Every structure is written in C-alpha cells, then in structure tokens.
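Dumped target_1.pdb below, it's PDB, C-alpha atoms:
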ATOM      1  CA  MET Q  27       0.000   0.000   0.000
ATOM      2  CA  TYR Q  28       2.810   2.361   0.955
ATOM      3  CA  LEU Q  29       4.721   1.433  -2.188
ATOM      4  CA  SER Q  30       1.776   2.246  -4.444
ATOM      5  CA  LEU Q  31       1.301   5.572  -2.656
ATOM      6  CA  LEU Q  32       4.958   6.471  -3.189
ATOM      7  CA  ILE Q  33       4.742   5.501  -6.851
ATOM      8  CA  SER Q  34       1.640   7.606  -7.307
ATOM      9  CA  LEU Q  35       3.310  10.610  -5.585
ATOM     10  CA  ALA Q  36       6.396  10.187  -7.769
ATOM     11  CA  SER Q  37       4.339  10.045 -10.906
ATOM     12  CA  ALA Q  38       2.293  13.103  -9.781
ATOM     13  CA  GLY Q  39       5.490  15.188  -9.347
ATOM     14  CA  GLU Q  40       6.861  14.485 -12.801
ATOM     15  CA  ALA Q  41       5.365  16.125 -15.886
ATOM     16  CA  GLU Q  42       4.467  13.501 -18.431
ATOM     17  CA  PHE Q  43       2.650  13.368 -21.733
ATOM     18  CA  THR Q  44       1.545  10.807 -24.266
ATOM     19  CA  PHE Q  45      -0.656  10.520 -27.333
ATOM     20  CA  VAL Q  46      -3.990   8.745 -27.171
ATOM     21  CA  ASP Q  47      -6.231   7.775 -30.025
ATOM     22  CA  ARG Q  48     -10.012   8.053 -29.954
ATOM     23  CA  ASN Q  49     -11.550   5.716 -27.345
ATOM     24  CA  GLN Q  50      -8.102   4.593 -26.194
ATOM     25  CA  THR Q  51      -7.428   4.364 -22.435
ATOM     26  CA  ALA Q  52      -4.888   6.878 -21.118
ATOM     27  CA  PRO Q  53      -1.854   5.462 -19.212
ATOM     28  CA  PHE Q  54      -2.236   8.066 -16.461
ATOM     29  CA  GLU Q  55      -4.799  10.549 -15.250
ATOM     30  CA  GLY Q  56      -4.451  14.081 -16.572
ATOM     31  CA  THR Q  57      -5.727  16.734 -18.930
ATOM     32  CA  LEU Q  58      -6.379  15.897 -22.526
ATOM     33  CA  LEU Q  59      -5.620  18.536 -25.138
ATOM     34  CA  ASN Q  60      -6.673  18.269 -28.741
ATOM     35  CA  PRO Q  61      -4.044  18.861 -31.506
ATOM     36  CA  GLN Q  62      -4.978  22.511 -31.928
ATOM     37  CA  ALA Q  63      -4.638  23.230 -28.198
ATOM     38  CA  THR Q  64      -1.351  21.335 -28.063
ATOM     39  CA  ALA Q  65      -0.036  23.261 -31.033
ATOM     40  CA  GLU Q  66      -1.058  26.576 -29.517
ATOM     41  CA  LEU Q  67       0.559  25.585 -26.248
ATOM     42  CA  LEU Q  68       3.778  24.817 -28.106
ATOM     43  CA  VAL Q  69       3.752  28.104 -29.980
ATOM     44  CA  LEU Q  70       2.857  30.171 -26.905
ATOM     45  CA  PRO Q  71       6.363  30.649 -25.332
ATOM     46  CA  ASP Q  72       7.956  31.891 -28.568
ATOM     47  CA  ARG Q  73       4.956  34.069 -29.254
ATOM     48  CA  LEU Q  74       4.983  35.629 -25.789
ATOM     49  CA  LYS Q  75       8.732  36.217 -25.999
ATOM     50  CA  ALA Q  76       8.410  37.871 -29.410
ATOM     51  CA  GLU Q  77       5.497  40.013 -28.216
ATOM     52  CA  CYS Q  78       7.429  41.010 -25.120
ATOM     53  CA  ASP Q  79      10.458  41.945 -27.260
ATOM     54  CA  ILE Q  80       8.472  44.143 -29.623
ATOM     55  CA  GLU Q  81       6.597  45.731 -26.711
ATOM     56  CA  ILE Q  82       9.915  46.626 -25.056
ATOM     57  CA  GLU Q  83      11.307  47.940 -28.338
ATOM     58  CA  TYR Q  84       8.123  49.958 -28.904
ATOM     59  CA  GLN Q  85       8.176  51.539 -25.445
ATOM     60  CA  VAL Q  86      11.927  52.251 -25.622
ATOM     61  CA  ASP Q  87      11.535  53.859 -29.051
ATOM     62  CA  LEU Q  88       8.662  56.022 -27.776
ATOM     63  CA  LEU Q  89      10.582  57.158 -24.715
ATOM     64  CA  SER Q  90      13.702  57.765 -26.758
ATOM     65  CA  THR Q  91      11.749  59.881 -29.252
ATOM     66  CA  GLU Q  92      10.146  61.837 -26.416
ATOM     67  CA  ARG Q  93      13.558  62.508 -24.895
ATOM     68  CA  GLU Q  94      14.847  63.634 -28.286
ATOM     69  CA  LEU Q  95      11.969  66.107 -28.489
ATOM     70  CA  GLN Q  96      12.730  67.421 -25.006
ATOM     71  CA  ILE Q  97      16.428  67.758 -25.833
ATOM     72  CA  SER Q  98      15.603  69.519 -29.080
ATOM     73  CA  ASN Q  99      13.296  71.957 -27.264
ATOM     74  CA  LEU Q 100      15.901  72.615 -24.604
ATOM     75  CA  ASN Q 101      18.505  73.215 -27.297
ATOM     76  CA  SER Q 102      16.181  75.703 -28.998
ATOM     77  CA  ARG Q 103      15.618  77.485 -25.671
ATOM     78  CA  TYR Q 104      19.345  77.552 -24.988
ATOM     79  CA  THR Q 105      20.101  78.952 -28.427
ATOM     80  CA  ALA Q 106      17.390  81.599 -28.056
ATOM     81  CA  LEU Q 107      18.594  82.629 -24.597
ATOM     82  CA  ASN Q 108      22.157  82.775 -25.822
ATOM     83  CA  LEU Q 109      21.148  85.015 -28.723
ATOM     84  CA  GLU Q 110      19.046  87.198 -26.413
ATOM     85  CA  TYR Q 111      21.990  87.553 -24.084
ATOM     86  CA  GLN Q 112      24.344  88.452 -26.930
ATOM     87  CA  GLN Q 113      21.869  90.979 -28.249
ATOM     88  CA  ALA Q 114      21.356  92.561 -24.837
ATOM     89  CA  VAL Q 115      25.112  92.889 -24.429
ATOM     90  CA  GLN Q 116      25.402  94.318 -27.936
ATOM     91  CA  THR Q 117      22.677  96.880 -27.201
ATOM     92  CA  LYS Q 118      24.330  97.920 -23.959
ATOM     93  CA  ASP Q 119      27.673  98.207 -25.746
ATOM     94  CA  LEU Q 120      26.061 100.395 -28.381
ATOM     95  CA  GLN Q 121      24.475 102.611 -25.735
ATOM     96  CA  ILE Q 122      27.775 102.902 -23.894
ATOM     97  CA  GLU Q 123      29.516 103.746 -27.147
ATOM     98  CA  ASN Q 124      26.949 106.456 -27.916
ATOM     99  CA  LEU Q 125      27.223 107.917 -24.456
ATOM    100  CA  GLU Q 126      30.995 107.889 -24.674
ATOM    101  CA  THR Q 127      30.816 109.637 -28.021
ATOM    102  CA  ILE Q 128      28.555 112.328 -26.560
ATOM    103  CA  ILE Q 129      30.716 112.735 -23.486
ATOM    104  CA  SER Q 130      33.890 112.945 -25.534
ATOM    105  CA  SER Q 131      32.272 115.445 -27.912
ATOM    106  CA  ASN Q 132      31.469 117.643 -24.899
ATOM    107  CA  SER Q 133      34.596 117.372 -22.849
ATOM    108  CA  GLY Q 134      37.009 116.766 -25.685
ATOM    109  CA  VAL Q 135      36.113 120.028 -27.411
ATOM    110  CA  SER Q 136      38.144 121.529 -25.037
ATOM    111  CA  LYS Q 137      38.882 121.560 -21.509
ATOM    112  CA  TRP Q 138      41.153 124.479 -22.233
ATOM    113  CA  VAL Q 139      38.447 126.450 -24.018
ATOM    114  CA  TRP Q 140      36.131 125.969 -21.054
ATOM    115  CA  PHE Q 141      38.938 126.901 -18.707
ATOM    116  CA  ALA Q 142      39.755 130.055 -20.621
ATOM    117  CA  SER Q 143      36.072 130.900 -20.944
ATOM    118  CA  GLY Q 144      35.643 130.494 -17.222
ATOM    119  CA  ILE Q 145      38.538 132.779 -16.454
ATOM    120  CA  ALA Q 146      37.278 135.353 -18.955
ATOM    121  CA  ALA Q 147      33.729 135.161 -17.582
ATOM    122  CA  GLY Q 148      35.001 135.451 -14.024
ATOM    123  CA  THR Q 149      37.178 138.411 -14.843
ATOM    124  CA  ALA Q 150      34.375 140.116 -16.736
ATOM    125  CA  THR Q 151      31.907 139.534 -13.915
ATOM    126  CA  THR Q 152      34.356 140.876 -11.353
ATOM    127  CA  TYR Q 153      35.067 143.879 -13.471
ATOM    128  CA  VAL Q 154      31.379 144.554 -14.064
ATOM    129  CA  ALA Q 155      30.691 144.240 -10.384
ATOM    130  CA  TYR Q 156      33.571 146.525  -9.568
ATOM    131  CA  ARG Q 157      32.367 149.120 -12.019
ATOM    132  CA  ALA Q 158      28.796 148.814 -10.878
ATOM    133  CA  PHE Q 159      29.670 149.275  -7.239
ATOM    134  CA  ASN Q 160      32.092 152.090  -8.036
ATOM    135  CA  GLU Q 161      29.425 153.945  -9.931
ATOM    136  CA  GLN Q 162      27.140 153.742  -6.941
TER     137      GLN Q 162
ATOM    138  CA  MET A   9      31.577 156.207 -33.752
ATOM    139  CA  ILE A  10      27.880 156.006 -33.126
ATOM    140  CA  TYR A  11      28.176 152.294 -32.425
ATOM    141  CA  LEU A  12      31.167 152.801 -30.148
ATOM    142  CA  SER A  13      29.377 155.405 -28.087
ATOM    143  CA  PHE A  14      26.323 153.150 -27.948
ATOM    144  CA  VAL A  15      28.440 150.231 -26.749
ATOM    145  CA  LYS A  16      30.160 152.411 -24.199
ATOM    146  CA  LYS A  17      26.868 153.641 -22.935
ATOM    147  CA  TYR A  18      25.056 150.303 -22.766
ATOM    148  CA  TRP A  19      27.967 147.896 -22.325
ATOM    149  CA  LYS A  20      26.451 146.314 -19.207
ATOM    150  CA  GLU A  21      23.167 145.591 -20.942
ATOM    151  CA  ILE A  22      25.001 144.262 -23.986
ATOM    152  CA  LEU A  23      27.179 142.050 -21.806
ATOM    153  CA  LEU A  24      24.146 140.811 -19.913
ATOM    154  CA  SER A  25      22.353 140.062 -23.177
ATOM    155  CA  LEU A  26      25.378 138.216 -24.548
ATOM    156  CA  LEU A  27      25.608 136.154 -21.376
ATOM    157  CA  LEU A  28      21.901 135.416 -21.570
ATOM    158  CA  ILE A  29      22.219 134.369 -25.213
ATOM    159  CA  PHE A  30      25.185 132.200 -24.332
ATOM    160  CA  LEU A  31      23.204 130.604 -21.495
ATOM    161  CA  VAL A  32      20.242 129.912 -23.772
ATOM    162  CA  LEU A  33      22.441 128.456 -26.524
ATOM    163  CA  LYS A  34      24.294 126.282 -24.046
ATOM    164  CA  SER A  35      21.012 125.028 -22.594
ATOM    165  CA  ARG A  36      19.701 124.241 -26.048
ATOM    166  CA  HIS A  37      22.929 122.441 -26.853
ATOM    167  CA  ASP A  38      22.666 120.377 -23.669
ATOM    168  CA  ILE A  39      19.026 119.548 -24.344
ATOM    169  CA  ASN A  40      19.946 118.570 -27.870
ATOM    170  CA  GLN A  41      22.670 116.277 -26.563
ATOM    171  CA  MET A  42      20.215 114.688 -24.147
ATOM    172  CA  ARG A  43      17.733 114.195 -26.936
ATOM    173  CA  LEU A  44      20.406 112.563 -29.087
ATOM    174  CA  THR A  45      21.304 110.272 -26.210
ATOM    175  CA  HIS A  46      17.659 109.409 -25.720
ATOM    176  CA  ASP A  47      17.191 108.795 -29.448
ATOM    177  CA  ALA A  48      20.251 106.550 -29.552
ATOM    178  CA  ALA A  49      19.019 104.547 -26.561
ATOM    179  CA  GLU A  50      15.527 104.311 -28.035
ATOM    180  CA  GLN A  51      16.874 103.152 -31.367
ATOM    181  CA  ALA A  52      19.070 100.547 -29.696
ATOM    182  CA  LEU A  53      16.133  99.281 -27.649
ATOM    183  CA  MET A  54      13.880  99.158 -30.697
ATOM    184  CA  GLU A  55      16.525  97.118 -32.505
ATOM    185  CA  GLN A  56      16.734  94.873 -29.463
ATOM    186  CA  ILE A  57      12.960  94.378 -29.466
ATOM    187  CA  GLU A  58      13.002  93.531 -33.167
ATOM    188  CA  GLY A  59      15.853  91.112 -32.540
ATOM    189  CA  LEU A  60      13.967  89.500 -29.650
ATOM    190  CA  LYS A  61      10.886  89.104 -31.833
ATOM    191  CA  GLN A  62      12.993  87.410 -34.503
ATOM    192  CA  ILE A  63      14.699  85.164 -31.945
ATOM    193  CA  HIS A  64      11.327  84.222 -30.494
ATOM    194  CA  ALA A  65       9.938  83.449 -33.950
ATOM    195  CA  ASP A  66      12.998  81.331 -34.767
ATOM    196  CA  GLU A  67      12.623  79.437 -31.499
ATOM    197  CA  LEU A  68       8.942  78.770 -32.155
ATOM    198  CA  ALA A  69       9.755  77.560 -35.669
ATOM    199  CA  ALA A  70      12.466  75.251 -34.314
ATOM    200  CA  ARG A  71      10.046  73.876 -31.699
ATOM    201  CA  GLU A  72       7.410  73.368 -34.365
ATOM    202  CA  ARG A  73       9.889  71.487 -36.552
ATOM    203  CA  ALA A  74      10.947  69.324 -33.608
ATOM    204  CA  LEU A  75       7.299  68.571 -32.773
ATOM    205  CA  GLN A  76       6.573  67.600 -36.368
ATOM    206  CA  GLU A  77       9.634  65.331 -36.415
ATOM    207  CA  TYR A  78       8.432  63.795 -33.153
ATOM    208  CA  LYS A  79       4.960  63.136 -34.570
ATOM    209  CA  ASP A  80       6.429  61.592 -37.738
ATOM    210  CA  ARG A  81       8.753  59.423 -35.693
ATOM    211  CA  VAL A  82       5.938  58.264 -33.378
ATOM    212  CA  ALA A  83       3.781  57.384 -36.386
ATOM    213  CA  GLU A  84       6.701  55.424 -37.823
ATOM    214  CA  ILE A  85       7.242  53.576 -34.517
ATOM    215  CA  GLU A  86       3.548  52.714 -34.203
ATOM    216  CA  GLU A  87       3.427  51.434 -37.769
ATOM    217  CA  LYS A  88       6.493  49.302 -37.109
ATOM    218  CA  TYR A  89       4.897  47.979 -33.896
ATOM    219  CA  ILE A  90       1.644  47.075 -35.610
ATOM    220  CA  ASN A  91       3.516  45.391 -38.478
ATOM    221  CA  ALA A  92       5.600  43.405 -36.000
ATOM    222  CA  GLN A  93       2.445  42.294 -34.164
ATOM    223  CA  ASP A  94       0.883  41.200 -37.449
ATOM    224  CA  GLU A  95       4.060  39.346 -38.336
ATOM    225  CA  ILE A  96       4.049  37.531 -34.978
ATOM    226  CA  GLU A  97       0.389  36.649 -35.401
ATOM    227  CA  LYS A  98       1.041  35.292 -38.864
ATOM    228  CA  LEU A  99       4.111  33.341 -37.777
ATOM    229  CA  SER A 100       2.255  31.876 -34.785
ATOM    230  CA  GLU A 101      -0.597  30.727 -36.992
ATOM    231  CA  GLU A 102       1.850  29.093 -39.384
ATOM    232  CA  GLN A 103       3.662  27.348 -36.537
ATOM    233  CA  THR A 104       0.346  26.232 -35.013
ATOM    234  CA  GLU A 105      -0.749  24.746 -38.330
ATOM    235  CA  GLU A 106       2.609  23.003 -38.645
ATOM    236  CA  PHE A 107       2.267  21.480 -35.167
ATOM    237  CA  VAL A 108      -1.302  20.380 -35.954
ATOM    238  CA  ARG A 109       0.028  18.696 -39.105
ATOM    239  CA  ASP A 110       2.817  17.080 -37.090
ATOM    240  CA  PHE A 111       0.179  15.488 -34.862
ATOM    241  CA  SER A 112      -0.826  13.180 -37.691
ATOM    242  CA  GLU A 113       2.336  13.207 -39.829
ATOM    243  CA  ASN A 114       5.370  13.605 -37.573
ATOM    244  CA  LYS A 115       4.678  12.759 -33.945
ATOM    245  CA  GLN A 116       8.388  12.588 -33.130
ATOM    246  CA  SER A 117       8.771  16.279 -33.972
ATOM    247  CA  LEU A 118       5.882  17.038 -31.628
ATOM    248  CA  ILE A 119       7.435  14.903 -28.895
ATOM    249  CA  ASP A 120      10.756  16.733 -29.310
ATOM    250  CA  ALA A 121       9.030  20.103 -29.167
ATOM    251  CA  LEU A 122       7.085  19.280 -25.990
ATOM    252  CA  THR A 123      10.155  17.802 -24.340
ATOM    253  CA  THR A 124      12.373  20.727 -25.276
ATOM    254  CA  LYS A 125       9.950  23.560 -24.537
ATOM    255  CA  TYR A 126       8.373  22.301 -21.307
ATOM    256  CA  GLY A 127      10.728  19.551 -20.124
ATOM    257  CA  PHE A 128       7.869  17.011 -20.021
ATOM    258  CA  THR A 129       8.648  13.324 -20.190
ATOM    259  CA  TYR A 130       7.120  11.369 -23.017
ATOM    260  CA  VAL A 131       5.365   8.158 -21.923
ATOM    261  CA  PRO A 132       4.813   5.940 -24.986
TER     262      PRO A 132
END
What does the file become when written as structure tokens?
Amino acid sequence: MYLSLLISLASAGEAEFTFVDRNQTAPFEGTLLNPQATAELLVLPDRLKAECDIEIEYQVDLLSTERELQISNLNSRYTALNLEYQQAVQTKDLQIENLETIISSNSGVSKWVWFASGIAAGTATTYVAYRAFNEQ
Amino acid sequence: MIYLSFVKKYWKEILLSLLLIFLVLKSRHDINQMRLTHDAAEQALMEQIEGLKQIHADELAARERALQEYKDRVAEIEEKYINAQDEIEKLSEEQTEEFVRDFSENKQSLIDALTTKYGFTYVP
C-alpha cells in the first residue's frame, strides 16, 4: 500500500505526456488537449517572448523619441537665450559707445576752451561788479 | 563812432544780453545732446525688441519642426509595432498549423518540441 502511494506521488510530481487515439485508455490521469490546443501551447512561449520583445522595443523607441523632443526643445531654448543675451550685451555696448561719443564730444572740445572761458567770464563779472559798485 | 558810443553807454546791458544768449544756446545744446542720447538709446532698444521678436519666432519655428519630427517618428514607430504584431500573429498561426500537421504526420517532432519547450517526459 505504501509502495503504491509512493509511486503515485512520484508520478504526480513528474510532468508527463503521451498521445492517445479516440476511445483509447490513457496510461495516467491528466488533462487531454486536442491537436490545436497542443499546437497553440507549443507556440505560446515563442509568441509571448516575441510580443514582449516588440513591446519593449516599442516603449523604448517612444521614450527615446520623447527625450529627443525634449532635448531639441531645450537646445532651442538655450540657443534663443544665448542670442538674447548676446543681443542685450550688444545693445548695452552700443548705448555705452553712444554715451561715450557724446561725453567725448562735450569734454574733448576743449577743456582748455572751457577753462579760458571760465577765467574770462570770471574776470568780466568781477570787473562789471567793480564798475557797478564804483558807480554807486 | 555812433556804435562805439552806444556800446560804451550800454555795455552792461550788452554784456548781460550776450551772457543770456550764451546761457540759452548752451542750454539748447545740452538739451539737444540729451535728446540725441535718448534717441540713440531708443533706437538701440527698438533694434533689441526687433531682434527678440525674430529670436522668439525662430525658437517657435524650431520647436514646431521638432514637434513635427516627433509626430512623424511616433507614427513610424507605431506602424512598425503594428507590423511586428501582425508578423508575430502570422508566424504563430503558421507554426500552429505546422504542429497540428505534425500530430498526424510527424509525432516525433511534436514529442521533441514538448520535451524541449516544457521539459515534459514522453510516456509511450
């Protein structure tokens, strides 16, 4: 009795298969699959693996494309900011140049002319004041 | 002589007028300089605004191009995915038919396949 139990346990742990014809007795208890089901069962692992591979490839391609778009947009932003920065600097340089030109046109004309004019104006004012007060 | 006596008589008024004229001219000159400075700054800023508009337009165009490329690429990827799925479906059907044929024509091939794929033991 124990021996038969052990044999039955051993045979239950091992996966077995056989082919049976119509109305033929099966050598062990189990599940009977028709040829179509057996064929589909045989094809299933390769099919699942192939489907998994293309799904991974599909998702990776999508993510990669999305990243490319993000990188492209960031590059555009960077280029635009760089150009804006260069233009702002250029504008400031131009303004500085204009201001320098105006300043130099004022002061460059002549410090000496302004100096001499100041002395002349001062002398004239003093003289006028002197004469005005003297007349009084 | 008439002029000289006139100048001698009104020299203070003449001097005051000359100084006033000088002051007015100098003020006008300074205002003119300020206006020139303002015009130069305004022109530079206007050029900057135009430049910024152009830069912005270029950036938008670049983004639009990138988006279009992205859409094209996604469409390509989806088409490839669908084709691959169809191919797998077709191949699976062919293999299934072949295994069904093997059931009546080549049992040994079926036995080998079951043994290899699932590690089952064949019991004759």
- request: Enumerate, as a count of residues only, the residues matched when the ChimeraX specification (/Q :<8) & /A is run on the file above.
  value: 42
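Atom CA of A:Glu113 is positioned 23.9 Å from atom CA of A:Glu97.
Of note, atom CA of Q:Cys78 and atom CA of A:Glu95 are spaced 13.7 Å apart.
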task: Quick one: pull the distance between atom CA of A:Leu33 and atom CA of Q:Ser143, Å, one decimal.
output: 14.9 Å
Centre, edges in Å (one decimal): axis-aligned box, stretch 38-57 of chain A, 6 Å padding on all six sides, as lines of an AutoDock Vina configuration file:
center_x = 17.8
center_y = 107.4
center_z = -28.1
size_x = 21.7
size_y = 38.0
size_z = 20.8
